[in-house]
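> For reference, the file model.pdb (PDB, C-alpha atoms) is included below:
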```
ATOM      1  CA  MET A  10      -1.852  -8.691 -25.893  1.00  0.00           C
ATOM      2  CA  ALA A  11       1.926  -8.379 -25.637  1.00  0.00           C
ATOM      3  CA  GLU A  12       1.541  -5.115 -23.721  1.00  0.00           C
ATOM      4  CA  ALA A  13      -0.731  -6.776 -21.161  1.00  0.00           C
ATOM      5  CA  SER A  14       1.715  -9.575 -20.497  1.00  0.00           C
ATOM      6  CA  ASN A  15       4.547  -7.044 -20.330  1.00  0.00           C
ATOM      7  CA  ALA A  16       2.641  -5.046 -17.697  1.00  0.00           C
ATOM      8  CA  GLU A  17       1.906  -8.211 -15.726  1.00  0.00           C
ATOM      9  CA  ALA A  18       5.596  -9.113 -15.772  1.00  0.00           C
ATOM     10  CA  GLY A  19       6.418  -5.786 -14.140  1.00  0.00           C
ATOM     11  CA  GLY A  20       7.811  -4.041 -17.186  1.00  0.00           C
ATOM     12  CA  GLY A  21       5.018  -1.515 -17.719  1.00  0.00           C
ATOM     13  CA  CYS A  22       3.414   1.194 -15.639  1.00  0.00           C
ATOM     14  CA  ALA A  23       1.440  -1.264 -13.553  1.00  0.00           C
ATOM     15  CA  GLU A  24       1.188  -0.104  -9.945  1.00  0.00           C
ATOM     16  CA  ARG A  25       2.192  -2.518  -7.232  1.00  0.00           C
ATOM     17  CA  ALA A  26       1.898  -1.956  -3.523  1.00  0.00           C
ATOM     18  CA  PRO A  27       5.267  -2.037  -1.781  1.00  0.00           C
ATOM     19  CA  GLU A  28       5.867  -5.013   0.463  1.00  0.00           C
ATOM     20  CA  ARG A  29       5.529  -4.420   4.181  1.00  0.00           C
ATOM     21  CA  PRO A  30       8.563  -5.089   6.346  1.00  0.00           C
ATOM     22  CA  SER A  31       7.902  -8.120   8.503  1.00  0.00           C
ATOM     23  CA  ALA A  32       8.399  -8.233  12.241  1.00  0.00           C
ATOM     24  CA  GLU A  33      10.692 -11.194  11.638  1.00  0.00           C
ATOM     25  CA  SER A  34      13.182  -8.984   9.796  1.00  0.00           C
ATOM     26  CA  ALA A  35      13.862  -6.968  12.968  1.00  0.00           C
ATOM     27  CA  PRO A  36      17.301  -7.773  14.338  1.00  0.00           C
ATOM     28  CA  PRO A  37      17.342  -9.777  17.563  1.00  0.00           C
ATOM     29  CA  GLY A  38      19.040  -8.357  20.605  1.00  0.00           C
ATOM     30  CA  PRO A  39      18.375  -5.369  22.836  1.00  0.00           C
ATOM     31  CA  ALA A  40      14.992  -3.702  22.593  1.00  0.00           C
ATOM     32  CA  ILE A  41      14.746  -1.016  19.934  1.00  0.00           C
ATOM     33  CA  SER A  42      12.696   2.066  20.763  1.00  0.00           C
ATOM     34  CA  ARG A  43       9.441   2.353  18.890  1.00  0.00           C
ATOM     35  CA  MET A  44      10.540   5.717  17.494  1.00  0.00           C
ATOM     36  CA  LYS A  45      13.648   4.163  15.930  1.00  0.00           C
ATOM     37  CA  LEU A  46      11.525   1.286  14.673  1.00  0.00           C
ATOM     38  CA  LEU A  47       9.126   3.751  13.048  1.00  0.00           C
ATOM     39  CA  ASP A  48      12.011   5.639  11.425  1.00  0.00           C
ATOM     40  CA  THR A  49      13.499   2.371  10.158  1.00  0.00           C
ATOM     41  CA  THR A  50      10.122   1.310   8.786  1.00  0.00           C
ATOM     42  CA  VAL A  51       9.709   4.629   6.968  1.00  0.00           C
ATOM     43  CA  ASP A  52      13.228   4.348   5.520  1.00  0.00           C
ATOM     44  CA  THR A  53      12.554   0.773   4.386  1.00  0.00           C
ATOM     45  CA  PHE A  54       9.259   1.849   2.848  1.00  0.00           C
ATOM     46  CA  LEU A  55      10.969   4.694   1.008  1.00  0.00           C
ATOM     47  CA  GLU A  56      13.670   2.424  -0.371  1.00  0.00           C
ATOM     48  CA  LYS A  57      11.101  -0.077  -1.612  1.00  0.00           C
ATOM     49  CA  LEU A  58       9.022   2.732  -3.070  1.00  0.00           C
ATOM     50  CA  VAL A  59      12.036   4.139  -4.891  1.00  0.00           C
ATOM     51  CA  ALA A  60      12.936   0.650  -6.118  1.00  0.00           C
ATOM     52  CA  ALA A  61       9.383   0.190  -7.395  1.00  0.00           C
ATOM     53  CA  GLY A  62       9.706   3.506  -9.251  1.00  0.00           C
ATOM     54  CA  SER A  63      12.946   2.561 -10.979  1.00  0.00           C
ATOM     55  CA  PHE A  64      14.207   4.559 -13.921  1.00  0.00           C
ATOM     56  CA  GLN A  65      13.493   1.605 -16.193  1.00  0.00           C
ATOM     57  CA  ARG A  66       9.815   1.608 -15.237  1.00  0.00           C
ATOM     58  CA  PHE A  67       9.657   5.391 -15.418  1.00  0.00           C
ATOM     59  CA  SER A  68      11.192   5.479 -18.897  1.00  0.00           C
ATOM     60  CA  ASP A  69       8.918   2.625 -20.039  1.00  0.00           C
ATOM     61  CA  CYS A  70       5.897   4.689 -19.022  1.00  0.00           C
ATOM     62  CA  TYR A  71       7.165   7.672 -21.032  1.00  0.00           C
ATOM     63  CA  LYS A  72       8.805   5.685 -23.824  1.00  0.00           C
ATOM     64  CA  PRO A  73       8.173   8.183 -26.673  1.00  0.00           C
ATOM     65  CA  PHE A  74       9.549  11.067 -24.596  1.00  0.00           C
ATOM     66  CA  HIS A  75      12.483   8.949 -23.392  1.00  0.00           C
ATOM     67  CA  GLN A  76      13.389   8.020 -26.970  1.00  0.00           C
ATOM     68  CA  LEU A  77      13.478  11.693 -27.929  1.00  0.00           C
ATOM     69  CA  GLN A  78      15.284  13.024 -24.839  1.00  0.00           C
ATOM     70  CA  PRO A  79      16.835  10.318 -22.655  1.00  0.00           C
ATOM     71  CA  GLU A  80      18.914  12.797 -20.588  1.00  0.00           C
ATOM     72  CA  MET A  81      15.846  14.895 -19.821  1.00  0.00           C
ATOM     73  CA  THR A  82      13.940  11.765 -18.826  1.00  0.00           C
ATOM     74  CA  ARG A  83      16.766  10.829 -16.433  1.00  0.00           C
ATOM     75  CA  ARG A  84      16.738  14.311 -14.856  1.00  0.00           C
ATOM     76  CA  LEU A  85      12.957  14.237 -14.509  1.00  0.00           C
ATOM     77  CA  HIS A  86      13.145  10.835 -12.831  1.00  0.00           C
ATOM     78  CA  ASP A  87      15.881  12.000 -10.454  1.00  0.00           C
ATOM     79  CA  ARG A  88      13.898  15.113  -9.555  1.00  0.00           C
ATOM     80  CA  PHE A  89      10.723  13.043  -9.121  1.00  0.00           C
ATOM     81  CA  ILE A  90      12.485  10.607  -6.768  1.00  0.00           C
ATOM     82  CA  ALA A  91      14.087  13.418  -4.759  1.00  0.00           C
ATOM     83  CA  GLN A  92      10.721  15.191  -4.405  1.00  0.00           C
ATOM     84  CA  LEU A  93       9.043  11.909  -3.466  1.00  0.00           C
ATOM     85  CA  ARG A  94      11.583  11.262  -0.689  1.00  0.00           C
ATOM     86  CA  THR A  95      11.268  14.814   0.609  1.00  0.00           C
ATOM     87  CA  SER A  96       7.472  14.743   0.558  1.00  0.00           C
ATOM     88  CA  VAL A  97       7.227  11.429   2.386  1.00  0.00           C
ATOM     89  CA  ARG A  98       9.758  12.487   5.035  1.00  0.00           C
ATOM     90  CA  GLU A  99       7.974  15.835   5.560  1.00  0.00           C
ATOM     91  CA  GLU A 100       4.600  14.107   5.839  1.00  0.00           C
ATOM     92  CA  VAL A 101       5.911  11.609   8.391  1.00  0.00           C
ATOM     93  CA  ALA A 102       7.571  14.429  10.371  1.00  0.00           C
ATOM     94  CA  GLU A 103       4.278  16.337  10.385  1.00  0.00           C
ATOM     95  CA  ILE A 104       2.389  13.258  11.591  1.00  0.00           C
ATOM     96  CA  LYS A 105       4.981  12.740  14.338  1.00  0.00           C
ATOM     97  CA  ALA A 106       4.649  16.363  15.456  1.00  0.00           C
ATOM     98  CA  GLU A 107       0.832  16.517  15.319  1.00  0.00           C
ATOM     99  CA  GLY A 108       0.383  13.272  17.205  1.00  0.00           C
ATOM    100  CA  ASN A 109       3.241  13.973  19.620  1.00  0.00           C
ATOM    101  CA  LEU A 110       4.417  10.518  18.591  1.00  0.00           C
ATOM    102  CA  GLU A 111       7.856  10.714  20.146  1.00  0.00           C
ATOM    103  CA  ALA A 112       6.433  11.254  23.638  1.00  0.00           C
ATOM    104  CA  VAL A 113       3.626   8.743  23.115  1.00  0.00           C
ATOM    105  CA  LEU A 114       5.958   6.034  21.811  1.00  0.00           C
ATOM    106  CA  SER A 115       8.473   6.705  24.607  1.00  0.00           C
ATOM    107  CA  THR A 116       5.669   6.328  27.144  1.00  0.00           C
ATOM    108  CA  LEU A 117       4.602   3.098  25.475  1.00  0.00           C
ATOM    109  CA  ASP A 118       8.191   1.820  25.653  1.00  0.00           C
ATOM    110  CA  ALA A 119       8.263   2.668  29.380  1.00  0.00           C
ATOM    111  CA  ILE A 120       4.958   0.835  29.963  1.00  0.00           C
ATOM    112  CA  VAL A 121       6.268  -2.246  28.156  1.00  0.00           C
ATOM    113  CA  GLU A 122       9.485  -2.210  30.194  1.00  0.00           C
ATOM    114  CA  GLU A 123       7.492  -1.772  33.401  1.00  0.00           C
ATOM    115  CA  GLY A 124       5.253  -4.675  32.423  1.00  0.00           C
ATOM    116  CA  LYS A 125       8.237  -6.993  31.954  1.00  0.00           C
ATOM    117  CA  ALA A 126       8.914  -6.823  35.700  1.00  0.00           C
ATOM    118  CA  ARG A 127       5.392  -8.025  36.556  1.00  0.00           C
ATOM    119  CA  GLU A 128       5.055 -11.639  37.488  1.00  0.00           C
ATOM    120  CA  GLU A 129       1.276 -11.940  37.314  1.00  0.00           C
ATOM    121  CA  PRO A 130      -0.475 -11.744  33.956  1.00  0.00           C
ATOM    122  CA  ALA A 131      -2.190  -8.503  32.988  1.00  0.00           C
ATOM    123  CA  TRP A 132      -5.934  -8.262  33.534  1.00  0.00           C
ATOM    124  CA  ARG A 133      -8.043  -8.931  30.466  1.00  0.00           C
ATOM    125  CA  PRO A 134     -11.801  -8.421  30.200  1.00  0.00           C
ATOM    126  CA  SER A 135     -13.829 -11.625  30.102  1.00  0.00           C
ATOM    127  CA  GLY A 136     -16.291 -10.348  27.524  1.00  0.00           C
ATOM    128  CA  VAL A 137     -19.115 -10.311  30.077  1.00  0.00           C
ATOM    129  CA  PRO A 138     -19.325  -6.769  31.516  1.00  0.00           C
ATOM    130  CA  GLU A 139     -21.443  -7.794  34.522  1.00  0.00           C
ATOM    131  CA  LYS A 140     -18.879 -10.416  35.538  1.00  0.00           C
ATOM    132  CA  ASP A 141     -16.013  -7.940  35.093  1.00  0.00           C
ATOM    133  CA  MET A 142     -17.798  -5.328  37.214  1.00  0.00           C
ATOM    134  CA  ARG A 143     -18.500  -7.894  39.974  1.00  0.00           C
ATOM    135  CA  ARG A 144     -14.797  -8.837  39.976  1.00  0.00           C
ATOM    136  CA  GLN A 145     -13.758  -5.158  40.175  1.00  0.00           C
ATOM    137  CA  LEU A 146     -16.323  -4.387  42.890  1.00  0.00           C
ATOM    138  CA  GLU A 147     -15.130  -7.359  44.933  1.00  0.00           C
ATOM    139  CA  ALA A 148     -11.537  -6.147  44.616  1.00  0.00           C
ATOM    140  CA  LEU A 149     -12.591  -2.657  45.746  1.00  0.00           C
ATOM    141  CA  ARG A 150     -14.575  -4.142  48.667  1.00  0.00           C
ATOM    142  CA  LEU A 151     -11.549  -6.156  49.800  1.00  0.00           C
ATOM    143  CA  GLN A 152      -9.300  -3.110  49.428  1.00  0.00           C
ATOM    144  CA  GLY A 153     -11.733  -0.994  51.461  1.00  0.00           C
ATOM    145  CA  GLN A 154     -11.996  -3.711  54.117  1.00  0.00           C
ATOM    146  CA  ALA A 155      -8.192  -3.885  54.394  1.00  0.00           C
ATOM    147  CA  ARG A 156      -7.964  -0.104  54.759  1.00  0.00           C
ATOM    148  CA  TRP A 157     -10.711  -0.127  57.416  1.00  0.00           C
ATOM    149  CA  GLN A 158      -8.882  -2.792  59.390  1.00  0.00           C
ATOM    150  CA  ALA A 159      -5.623  -0.850  59.097  1.00  0.00           C
ATOM    151  CA  TRP A 160      -7.378   2.317  60.281  1.00  0.00           C
ATOM    152  CA  GLN A 161      -8.917   0.454  63.220  1.00  0.00           C
ATOM    153  CA  ALA A 162      -5.520  -0.941  64.207  1.00  0.00           C
ATOM    154  CA  VAL A 163      -3.986   2.545  64.112  1.00  0.00           C
ATOM    155  CA  HIS A 164      -6.949   3.968  66.060  1.00  0.00           C
ATOM    156  CA  ARG A 165      -6.681   1.229  68.737  1.00  0.00           C
ATOM    157  CA  GLY A 166      -2.965   1.912  68.970  1.00  0.00           C
ATOM    158  CA  GLN A 167      -3.638   5.611  69.472  1.00  0.00           C
ATOM    159  CA  GLU A 168      -6.204   4.871  72.207  1.00  0.00           C
ATOM    160  CA  GLU A 169      -3.766   2.555  73.966  1.00  0.00           C
ATOM    161  CA  LEU A 170      -1.033   5.184  73.726  1.00  0.00           C
ATOM    162  CA  ALA A 171      -3.363   7.834  75.118  1.00  0.00           C
ATOM    163  CA  ALA A 172      -4.294   5.535  78.015  1.00  0.00           C
ATOM    164  CA  VAL A 173      -0.633   4.906  78.825  1.00  0.00           C
ATOM    165  CA  LEU A 174       0.136   8.631  78.681  1.00  0.00           C
ATOM    166  CA  ARG A 175      -2.774   9.442  81.015  1.00  0.00           C
ATOM    167  CA  GLY A 176      -1.424   7.050  83.551  1.00  0.00           C
ATOM    168  CA  PRO A 177      -3.297   4.878  86.006  1.00  0.00           C
ATOM    169  CA  GLU A 178      -6.732   6.049  86.937  1.00  0.00           C
TER     170      GLU A 178
END
```
In structure tokens, how does this file's structure come out?


Amino acid sequence: MAEASNAEAGGGCAERAPERPSAESAPPGPAISRMKLLDTTVDTFLEKLVAAGSFQRFSDCYKPFHQLQPEMTRRLHDRFIAQLRTSVREEVAEIKAEGNLEAVLSTLDAIVEEGKAREEPAWRPSGVPEKDMRRQLEALRLQGQARWQAWQAVHRGQEELAAVLRGPE
């Protein structure tokens, strides 16, 4: 019974998920690139993971071994933490490389910056595909009509120019 309450209090080997960094904890000011934000998030995650795997918790999990060889337990913990950091960083680097995340996130940053200059709101689907298609078809019809009128104006201008160049008949 005492062991169960000890584990609930955080003293045992009970596993707890690390807390997620909140968006509110991001510093205000100039926009931070998504790549830097990802790196910061990974670093924060690692620090919280390392804190959750403190030496005290580690030694509590291996109490009999720790009582016999405390120095060895400390070295094992240090090696475990170092390997954990290395493994997580390598895995994140591999994910970044496989997904070409740096280029993708840079492109996303550019799209966001480009969108800030827009004054009209971005188009959102209504949830009714037929209505959305009618709206898009109408926009295409109007665009085509405008191009046709522009072409006709250019064509009339060319005919008038040709008539002037031919001279009086």

> Could you list, as JSON, numbers by chain, every residue within 12 Å of A:Thr116, counting all atoms listed in the file and ignoring same-chain residues fewer than 5 positions away?

{"A": [42, 43, 44, 109, 110, 111, 121, 122, 123]}

> Return as AutoDock Vina command-line options the centre and edge lengths, in Å with one decimal, of the box along x, y and z that encloses every atom of stretch 60-75 of chain A in the file, padded by 6 Å per side.


```
--center_x 10.1 --center_y 5.6 --center_z -16.4 --size_x 20.3 --size_y 22.9 --size_z 32.6
```

> Please provide as a list in words all residues within 9 Å of stretch 95-101 of chain A, with the sequence filter that same-chain residues fewer than 5 positions apart are discarded (counting only C-alpha atoms).

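Counting only the stated atoms, we get Val51, Asp52, Leu55, Ile90 and Ala106 of chain A.
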
> Any chance you could work out the residue set of the PyMOL selection byres ((chain A and resi 63) around 12) here, as a PyMOL selection string?

chain A and resi 19-22+56-62+64-70+83+86-87+89-90

> For a test of reading the model, state the distance in Å between atom CA of A:Lys45 and atom CA of A:Glu107, rounded to one decimal.

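Distance between the two atoms: 17.8 Å.
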
> Counting all atoms listed in the file, figure out which residue out of A:Leu114, A:Ala131, A:Val173, A:Leu149 gets nearest to A:Leu46.

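With all atoms listed in the file as the atom set, the closest residue is A:Leu114.
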
> Nearest to A:Arg94: which of A:Arg156, A:Asp48, A:Pro134, A:Phe54 is it, counting all atoms listed in the file?

A:Phe54

> Report, in Å to a single decimal, how far apart atom CA of A:Lys72 and atom CA of A:Arg88 are.

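Atom CA of A:Arg88 sits 17.8 Å away from atom CA of A:Lys72.
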